[in-house]
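Visitor: Structure file my_file.txt (compact mmCIF, C-alpha atoms and all ligand atoms) is given on the next line.
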# COMPACT_ATOMS: atom_id res chain seq x y z
CA MET I 1 4.24 118.49 182.76
CA SER I 2 6.32 116.09 180.72
CA ARG I 3 10.05 116.76 181.11
CA ILE I 4 12.99 115.90 178.87
CA SER I 5 15.60 113.94 180.80
CA VAL I 6 19.10 112.80 179.90
CA VAL I 7 20.78 109.97 181.81
CA THR I 8 24.45 109.22 181.18
CA GLY I 9 25.50 105.60 181.48
CA GLY I 10 21.79 105.17 180.92
CA THR I 11 21.55 101.75 179.33
CA ARG I 12 22.97 99.62 182.17
CA GLY I 13 22.94 99.40 185.96
CA ILE I 14 21.85 102.42 188.00
CA GLY I 15 21.49 104.54 184.86
CA ALA I 16 19.14 102.08 183.16
CA ALA I 17 16.99 101.76 186.29
CA THR I 18 16.88 105.56 186.49
CA ALA I 19 15.95 106.01 182.83
CA ILE I 20 13.10 103.55 183.31
CA ALA I 21 11.90 105.25 186.52
CA LEU I 22 11.88 108.67 184.84
CA LYS I 23 10.03 107.28 181.82
CA GLU I 24 7.43 105.73 184.13
CA ARG I 25 6.89 109.21 185.62
CA GLY I 26 6.09 110.51 182.15
CA ASP I 27 9.46 112.03 181.16
CA THR I 28 10.82 111.73 177.65
CA VAL I 29 14.21 110.15 178.29
CA ALA I 30 17.49 109.95 176.39
CA ALA I 31 19.94 107.32 177.64
CA VAL I 32 23.56 108.10 176.77
CA PHE I 33 26.03 105.21 176.49
CA GLY I 34 29.73 105.09 175.69
CA TYR I 35 30.61 101.83 174.02
CA ASN I 36 28.33 98.80 174.63
CA GLU I 37 26.15 99.04 171.50
CA GLU I 38 24.66 95.57 171.84
CA ARG I 39 23.41 96.33 175.34
CA ALA I 40 22.04 99.70 174.21
CA LYS I 41 20.10 98.10 171.34
CA VAL I 42 18.50 95.58 173.71
CA PHE I 43 17.72 98.33 176.24
CA THR I 44 16.02 100.54 173.64
CA ALA I 45 14.09 97.60 172.19
CA GLU I 46 12.88 96.53 175.64
CA THR I 47 12.03 99.96 177.06
CA GLY I 48 11.33 102.24 174.09
CA ILE I 49 13.87 104.70 175.56
CA ALA I 50 16.07 106.34 172.91
CA SER I 51 19.78 105.68 173.33
CA TYR I 52 22.57 107.96 172.13
CA LYS I 53 26.23 107.02 171.81
CA TRP I 54 28.98 109.44 172.75
CA ASP I 55 31.96 109.68 175.06
CA VAL I 56 30.99 111.85 178.03
CA SER I 57 34.65 112.46 178.87
CA ASP I 58 34.91 114.39 175.56
CA PHE I 59 33.73 118.00 175.94
CA ASP I 60 32.94 118.58 172.25
CA ALA I 61 31.12 115.26 171.99
CA CYS I 62 28.86 116.36 174.86
CA LEU I 63 28.01 119.65 173.13
CA THR I 64 27.23 117.87 169.86
CA GLY I 65 25.37 115.04 171.61
CA ILE I 66 23.13 117.37 173.62
CA ALA I 67 22.41 119.40 170.47
CA SER I 68 21.22 116.24 168.75
CA VAL I 69 19.07 115.16 171.75
CA GLU I 70 17.50 118.63 171.84
CA SER I 71 16.82 118.60 168.13
CA ASP I 72 15.14 115.14 168.44
CA LEU I 73 13.31 115.51 171.75
CA GLY I 74 13.34 119.14 172.87
CA PRO I 75 15.19 121.22 175.49
CA VAL I 76 16.77 119.24 178.32
CA ASP I 77 15.16 119.86 181.73
CA ILE I 78 16.79 117.10 183.76
CA LEU I 79 20.35 115.79 183.66
CA ILE I 80 21.54 112.72 185.53
CA ASN I 81 25.34 112.46 185.55
CA ASN I 82 25.66 108.78 186.25
CA ALA I 83 28.30 107.48 183.81
CA GLY I 84 31.29 106.03 185.58
CA ILE I 85 34.09 103.51 185.26
CA THR I 86 36.49 101.80 187.63
CA ARG I 87 40.17 101.09 187.04
CA ASP I 88 40.96 99.75 190.49
CA GLY I 89 44.51 99.25 191.68
CA THR I 90 46.81 100.50 194.40
CA VAL I 91 48.71 103.69 193.56
CA HIS I 92 52.07 101.94 193.39
CA LYS I 93 50.67 99.77 190.56
CA MET I 94 48.44 102.37 188.86
CA ASP I 95 49.53 103.87 185.56
CA TYR I 96 48.76 107.44 184.52
CA GLU I 97 46.13 106.33 181.97
CA ASN I 98 44.06 104.58 184.63
CA TRP I 99 44.23 107.64 186.88
CA GLN I 100 43.24 110.05 184.12
CA ALA I 101 40.55 107.88 182.51
CA VAL I 102 38.62 107.68 185.78
CA ILE I 103 38.97 111.40 186.50
CA ASP I 104 37.87 112.33 182.97
CA THR I 105 34.97 109.91 182.74
CA ASN I 106 33.58 110.15 186.27
CA LEU I 107 34.24 113.82 187.11
CA GLY I 108 35.10 115.59 183.85
CA SER I 109 31.82 114.32 182.38
CA CYS I 110 29.85 116.20 185.05
CA PHE I 111 31.34 119.47 183.82
CA ASN I 112 31.04 118.55 180.14
CA MET I 113 27.38 117.57 180.39
CA SER I 114 26.35 120.34 182.78
CA ARG I 115 28.05 122.93 180.57
CA ALA I 116 26.09 121.64 177.58
CA VAL I 117 22.68 122.05 179.27
CA ILE I 118 23.11 124.84 181.81
CA GLU I 119 22.53 127.84 179.57
CA GLY I 120 19.22 126.41 178.35
CA MET I 121 18.15 125.64 181.92
CA ARG I 122 19.06 129.16 183.04
CA GLY I 123 17.13 130.65 180.12
CA ARG I 124 14.01 128.64 180.99
CA LYS I 125 14.48 129.11 184.76
CA PHE I 126 14.13 125.41 185.43
CA GLY I 127 16.55 122.55 185.77
CA ARG I 128 17.26 119.44 187.79
CA ILE I 129 20.77 117.98 187.91
CA VAL I 130 21.63 114.87 189.92
CA ASN I 131 25.23 113.68 190.09
CA VAL I 132 25.94 110.11 191.11
CA GLY I 133 28.78 110.08 193.60
CA SER I 134 29.73 107.14 195.79
CA ILE I 135 30.24 105.92 199.32
CA ASN I 136 33.85 105.54 198.20
CA GLY I 137 34.04 109.27 197.48
CA GLN I 138 32.89 109.91 201.06
CA ALA I 139 34.93 107.27 202.90
CA GLY I 140 37.74 106.32 200.50
CA GLN I 141 38.44 102.75 199.45
CA TYR I 142 41.63 100.71 199.27
CA GLY I 143 42.66 100.40 195.62
CA GLN I 144 40.47 103.29 194.43
CA VAL I 145 42.48 106.50 194.73
CA ASN I 146 41.37 107.51 191.24
CA TYR I 147 37.71 106.62 191.74
CA ALA I 148 37.49 108.07 195.26
CA ALA I 149 39.09 111.33 194.10
CA ALA I 150 36.67 111.66 191.18
CA LYS I 151 33.61 110.79 193.26
CA SER I 152 34.69 113.07 196.09
CA GLY I 153 35.09 115.80 193.46
CA ILE I 154 31.50 115.21 192.41
CA HIS I 155 30.32 116.07 195.90
CA GLY I 156 32.12 119.44 195.80
CA PHE I 157 31.00 120.07 192.23
CA THR I 158 27.40 119.52 193.34
CA LYS I 159 27.52 122.04 196.17
CA ALA I 160 29.18 124.72 194.04
CA LEU I 161 26.86 124.34 191.07
CA ALA I 162 23.87 124.26 193.42
CA GLN I 163 24.81 127.75 194.59
CA GLU I 164 25.05 128.99 191.01
CA GLY I 165 21.72 127.45 190.00
CA ALA I 166 19.62 128.31 193.05
CA ALA I 167 18.32 131.68 191.88
CA GLN I 168 17.66 130.29 188.40
CA GLY I 169 15.28 127.47 189.36
CA ILE I 170 18.01 124.87 188.89
CA THR I 171 18.59 122.36 191.67
CA VAL I 172 21.77 120.29 191.87
CA ASN I 173 22.02 117.31 194.18
CA ALA I 174 24.13 114.19 194.57
CA ILE I 175 23.41 110.60 195.46
CA ALA I 176 26.12 108.59 197.19
CA PRO I 177 25.31 104.95 196.49
CA GLY I 178 26.96 102.16 198.42
CA TYR I 179 27.59 98.77 196.84
CA ILE I 180 24.80 98.13 194.34
CA ASP I 181 24.13 94.91 192.44
CA THR I 182 25.48 96.06 189.05
CA ASP I 183 28.10 94.92 186.53
CA MET I 184 30.58 97.34 188.15
CA VAL I 185 30.33 95.72 191.56
CA ALA I 186 30.21 92.22 190.03
CA ALA I 187 33.73 92.96 188.71
CA VAL I 188 35.10 93.18 192.28
CA PRO I 189 36.83 89.88 193.14
CA ASP I 190 34.53 87.63 195.22
CA ARG I 191 36.98 87.37 198.10
CA VAL I 192 37.02 91.19 198.38
CA LEU I 193 33.29 91.64 197.85
CA ASP I 194 32.35 89.05 200.49
CA LYS I 195 34.27 91.08 203.07
CA ILE I 196 32.57 94.30 201.97
CA ILE I 197 29.08 92.76 202.25
CA GLU I 198 29.93 91.66 205.80
CA ARG I 199 30.29 95.37 206.62
CA ILE I 200 26.86 96.37 205.26
CA PRO I 201 24.42 96.42 208.20
CA VAL I 202 21.42 95.73 205.94
CA GLY I 203 23.29 92.57 204.94
CA ARG I 204 23.04 92.73 201.16
CA LEU I 205 23.95 94.71 198.07
CA GLY I 206 21.57 97.50 197.08
CA LYS I 207 19.38 97.32 194.01
CA ALA I 208 19.67 99.77 191.13
CA SER I 209 15.96 100.52 191.50
CA GLU I 210 16.63 101.68 195.09
CA ILE I 211 18.89 104.41 193.73
CA ALA I 212 16.59 105.23 190.81
CA ARG I 213 13.63 106.00 193.07
CA ALA I 214 15.69 108.59 194.95
CA ILE I 215 16.82 110.23 191.72
CA ARG I 216 13.23 110.38 190.60
CA PHE I 217 12.30 112.06 193.89
CA LEU I 218 15.08 114.66 193.61
CA THR I 219 14.08 115.52 190.05
CA ASP I 220 10.37 116.02 190.62
CA ASP I 221 8.98 119.44 189.76
CA ASP I 222 8.04 119.91 193.43
CA ALA I 223 11.56 119.15 194.74
CA GLY I 224 12.64 122.77 194.16
CA PHE I 225 13.70 123.41 197.76
CA ILE I 226 16.16 120.49 197.84
CA THR I 227 19.50 121.63 196.48
CA GLY I 228 23.16 121.09 197.28
CA SER I 229 22.36 117.94 199.24
CA THR I 230 23.93 114.50 199.13
CA LEU I 231 21.69 111.53 199.79
CA SER I 232 23.58 108.46 201.00
CA ILE I 233 21.98 105.15 200.06
CA ASN I 234 24.28 102.42 201.27
CA GLY I 235 22.49 99.99 203.60
CA GLY I 236 24.07 101.69 206.60
CA GLN I 237 27.65 100.91 205.54
CA HIS I 238 28.81 104.48 206.04
CA MET I 239 26.75 106.91 208.10
CA TYR I 240 27.83 110.33 207.03
N1 LIG M 1 42.64 97.46 203.68
C1 LIG M 1 43.89 97.09 203.97
N2 LIG M 1 44.59 96.19 203.26
C2 LIG M 1 43.97 95.64 202.22
C3 LIG M 1 42.65 95.99 201.86
C4 LIG M 1 41.98 96.92 202.65
N3 LIG M 1 40.71 97.29 202.38
N4 LIG M 1 42.31 95.28 200.76
C5 LIG M 1 43.38 94.53 200.45
N5 LIG M 1 44.38 94.74 201.34
C6 LIG M 1 45.70 94.12 201.37
C7 LIG M 1 45.55 92.62 201.14
O1 LIG M 1 45.25 91.99 202.37
C8 LIG M 1 46.90 92.28 200.59
O2 LIG M 1 47.83 92.20 201.61
P1 LIG M 1 48.71 90.87 201.82
O3 LIG M 1 49.41 90.65 200.52
O4 LIG M 1 49.60 91.22 202.96
O5 LIG M 1 47.70 89.80 202.15
C9 LIG M 1 47.29 93.48 199.79
O6 LIG M 1 46.49 94.55 200.28
C10 LIG M 1 47.04 93.29 198.33
O7 LIG M 1 45.63 93.00 198.14
P2 LIG M 1 45.14 92.29 196.83
O8 LIG M 1 45.65 90.88 196.79
O9 LIG M 1 43.66 92.46 196.71
O10 LIG M 1 45.93 93.16 195.75
P3 LIG M 1 45.72 93.23 194.24
O11 LIG M 1 46.80 94.14 193.73
O12 LIG M 1 45.52 91.90 193.62
O13 LIG M 1 44.30 93.96 194.08
C11 LIG M 1 42.68 95.67 194.27
C12 LIG M 1 44.10 95.24 194.62
C13 LIG M 1 42.53 95.71 192.75
C14 LIG M 1 42.48 97.06 194.83
C15 LIG M 1 41.67 94.67 194.85
O14 LIG M 1 41.89 94.58 196.24
C16 LIG M 1 40.25 95.10 194.60
O15 LIG M 1 39.69 94.89 193.52
N6 LIG M 1 39.61 95.72 195.61
C17 LIG M 1 38.21 96.19 195.47
C18 LIG M 1 38.17 97.65 195.39
C19 LIG M 1 36.72 98.07 195.42
O16 LIG M 1 36.03 97.96 196.43
N7 LIG M 1 36.21 98.55 194.31
C20 LIG M 1 34.84 98.97 194.27
C21 LIG M 1 34.36 98.78 192.88
S1 LIG M 1 32.59 99.05 192.80
C22 LIG M 1 32.45 100.68 192.93
O17 LIG M 1 33.37 101.44 192.97
C23 LIG M 1 31.03 101.20 193.01
C24 LIG M 1 30.86 102.08 194.16
O18 LIG M 1 30.73 103.30 193.98
C25 LIG M 1 30.74 101.51 195.50
What do you get writing this file as structure tokens?
Guide:
Amino acid sequence: MSRISVVTGGTRGIGAATAIALKERGDTVAAVFGYNEERAKVFTAETGIASYKWDVSDFDACLTGIASVESDLGPVDILINNAGITRDGTVHKMDYENWQAVIDTNLGSCFNMSRAVIEGMRGRKFGRIVNVGSINGQAGQYGQVNYAAAKSGIHGFTKALAQEGAAQGITVNAIAPGYIDTDMVAAVPDRVLDKIIERIPVGRLGKASEIARAIRFLTDDDAGFITGSTLSINGGQHMY
């Protein structure tokens, strides 16, 4: 059966790889992006995947955005909460805006988007939600109090919503990626990143496609007994 899937942060990095993997499975996919219109245009032209622009940290924008996806494509069966930003800096140098922006975008978006689709999923007794957490939400990371707090919150959010969805055919799981070869990780200064790679037993950054294949697995129709779990994919950097 062809499913309707929504991937936030879906036109770049892990989100783009995921959107492509779900399309290859036969899903009809909507890729949500926040600001990089040029990249979204190229992504849609190259993949044929529809892209939608809204700010996932804005609750009302999520309600309106999902309504427009559903009117174009049909009811949403699968939600991948992948959108995320970094505003790295030690707490003594971090301003309030950089704390709040990361909390709102990385964690608030999971509520906003889930709230927009959950009633439909409950009504149809089927849903798959995957939230993209992080190794840094599990282990912490110097200079990432905001990001680690948001990502750690995602892991709790996942387990709580999984309990609410279980009797309704809705599974909720998290992925905890390590350092993946994306624009986000490329923004880490080389001198810092080199030291991080030294601590990855597999000896390299992960690929976005290596996360996407796990998300595809967790969102299959026959993955209904997997819920409330967190799958760590980090090259052995943190064994949780
Ligand atoms: N542990 C202990 N001390 C550390 C440290 C660490 N991990 N990292 C840096 N320090 C120390 C430095 O040695 C330095 O001390 P000295 O001055 O005594 O030498 C001091 O802290 C200041 O370090 P910086 O010069 O790096 O400070 P800065 O203010 O210029 O930059 C920073 C701070 C922005 C946090 C920078 O270190 C940085 O960008 N770190 C990378 C953070 C990171 O890993 N981000 C991940 C982004 S990707 C992502 O988040 C995806 C995902 O899910 C994995």
Visitor: At a cut-off of 6 Å around ligand LIG 1 (chain M), and using only C-alpha atoms and all ligand atoms, what residues come up? Please write them as a ChimeraX atom specification.
Guide: /I:88-90,134-136,142-143,178-179,184-185,188-189,192
Visitor: Between I:Val56, I:Cys110, I:Ala174, I:Leu73, which residue has the minimum interatomic distance to Val29 (chain I), considering all atoms listed in the file?
Guide: I:Leu73
Visitor: So which residues touch Lys53 (chain I) within 7 Å, counting all atoms listed in the file, skipping near sequence neighbours fewer than 5 positions away, as a list in words?
Guide: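 Within the cut-off, the hits are Val32, Phe33 and Gly34 of chain I.
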Visitor: Between I:Gly224, I:Gly235, I:Pro177, I:Gly10, which has the minimum distance to Gly203 (chain I) (counting only C-alpha atoms)?
Guide: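 The answer is I:Gly235, which sits nearest to Gly203 (chain I).
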Visitor: Separation of CA of Thr28 (chain I) and CA of Lys159 (chain I), in Å?
Guide: 27.0 Å
Visitor: Using all atoms listed in the file, which of I:Gly156, I:Gly169, I:Gly26, I:Gly140 sits nearest Phe126 (chain I)?
Guide: I:Gly169
Visitor: Just how far from CA of Ala187 (chain I) is CA of Glu46 (chain I), in Å to one decimal?
Guide: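 About the pair CA of Glu46 (chain I) and CA of Ala187 (chain I): they are 24.9 Å apart.
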Visitor: Measuring between all atoms listed in the file, which one of I:Ile233, I:Leu193, I:Val117, I:Ile80 shows the shortest distance to Asn173 (chain I)?
Guide: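 The shortest atom-to-atom distance to Asn173 (chain I) comes from I:Ile80.
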Visitor: Quick one: pull the distance between CA of Met1 (chain I) and CA of Phe43 (chain I), Å, one decimal.
Guide: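 These atoms are spaced 25.1 Å apart.
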Visitor: Which is closest to Ala16 (chain I) among I:Ser57, I:Ala208, I:Thr64, I:Pro201, if we use all atoms listed in the file?
Guide: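 For Ala16 (chain I), the nearest of the candidates is I:Ala208.
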Visitor: Can you work out which one of I:Ala17, I:Leu79, I:Val202, I:Val91 has the shortest atom-to-atom distance to Arg115 (chain I), counting only C-alpha atoms?
Guide: I:Leu79
Visitor: Do a neighbour search on Leu161 (chain I) at 9 Å with all atoms listed in the file, toss out local chain neighbours closer than 4 positions, and write the hits as a PyMOL selection string.
Guide: chain I and resi 156-157+165-166+171-172+228
Visitor: Find the residues near Thr105 (chain I): any atom within 8 Å, counting only C-alpha atoms, skip ones fewer than 2 places away on the same chain, and give them as number ranges by chain.
Guide: I: 56-57, 83-85, 101-103, 107-109
Visitor: Enumerate, as number ranges by chain, the protein, DNA and RNA residues whose atoms approach (19.0, 109.9, 176.3) to within 8 Å, taking into account all atoms listed in the file and the coordinate frame of the file.
Guide: I: 5-8, 10, 29-32, 49-52, 69
Visitor: Is it possible to get the axis-aligned box enclosing region 70-79 of chain I (all listed atoms, 8 Å extra per side) as AutoDock Vina command-line options, with centre and edge lengths in Å rounded to one decimal?
Guide:
--center_x 16.8 --center_y 118.2 --center_z 175.9 --size_x 23.0 --size_y 22.1 --size_z 31.6
Visitor: Residues proximal to (18.7, 122.7, 174.6) were defined as those with any atom within 10 Å of that point in the file's coordinates, counting all atoms listed in the file. Which are they, as a list in words?
Guide: Ile4, Leu63, Ile66, Ala67, Ser68, Val69, Glu70, Ser71, Leu73, Gly74, Pro75, Val76, Asp77, Ala116, Val117, Ile118, Glu119, Gly120, Met121, Gly123 and Arg124 of chain I
Visitor: When you look at region 212-220 of chain I with a cut-off of 8 Å (counting all atoms listed in the file), what residues show up, excluding the ones that are within fewer than 6 positions of it in the same chain? I need them as a list of chain:residue names.
Guide: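 Skipping anything fewer than 6 positions along the chain leaves I:Ile14, I:Gly15, I:Ala17, I:Thr18, I:Ala21, I:Leu22, I:Ile78, I:Arg128, I:Ile129, I:Val130, I:Asn173, I:Ile175, I:Ile226.
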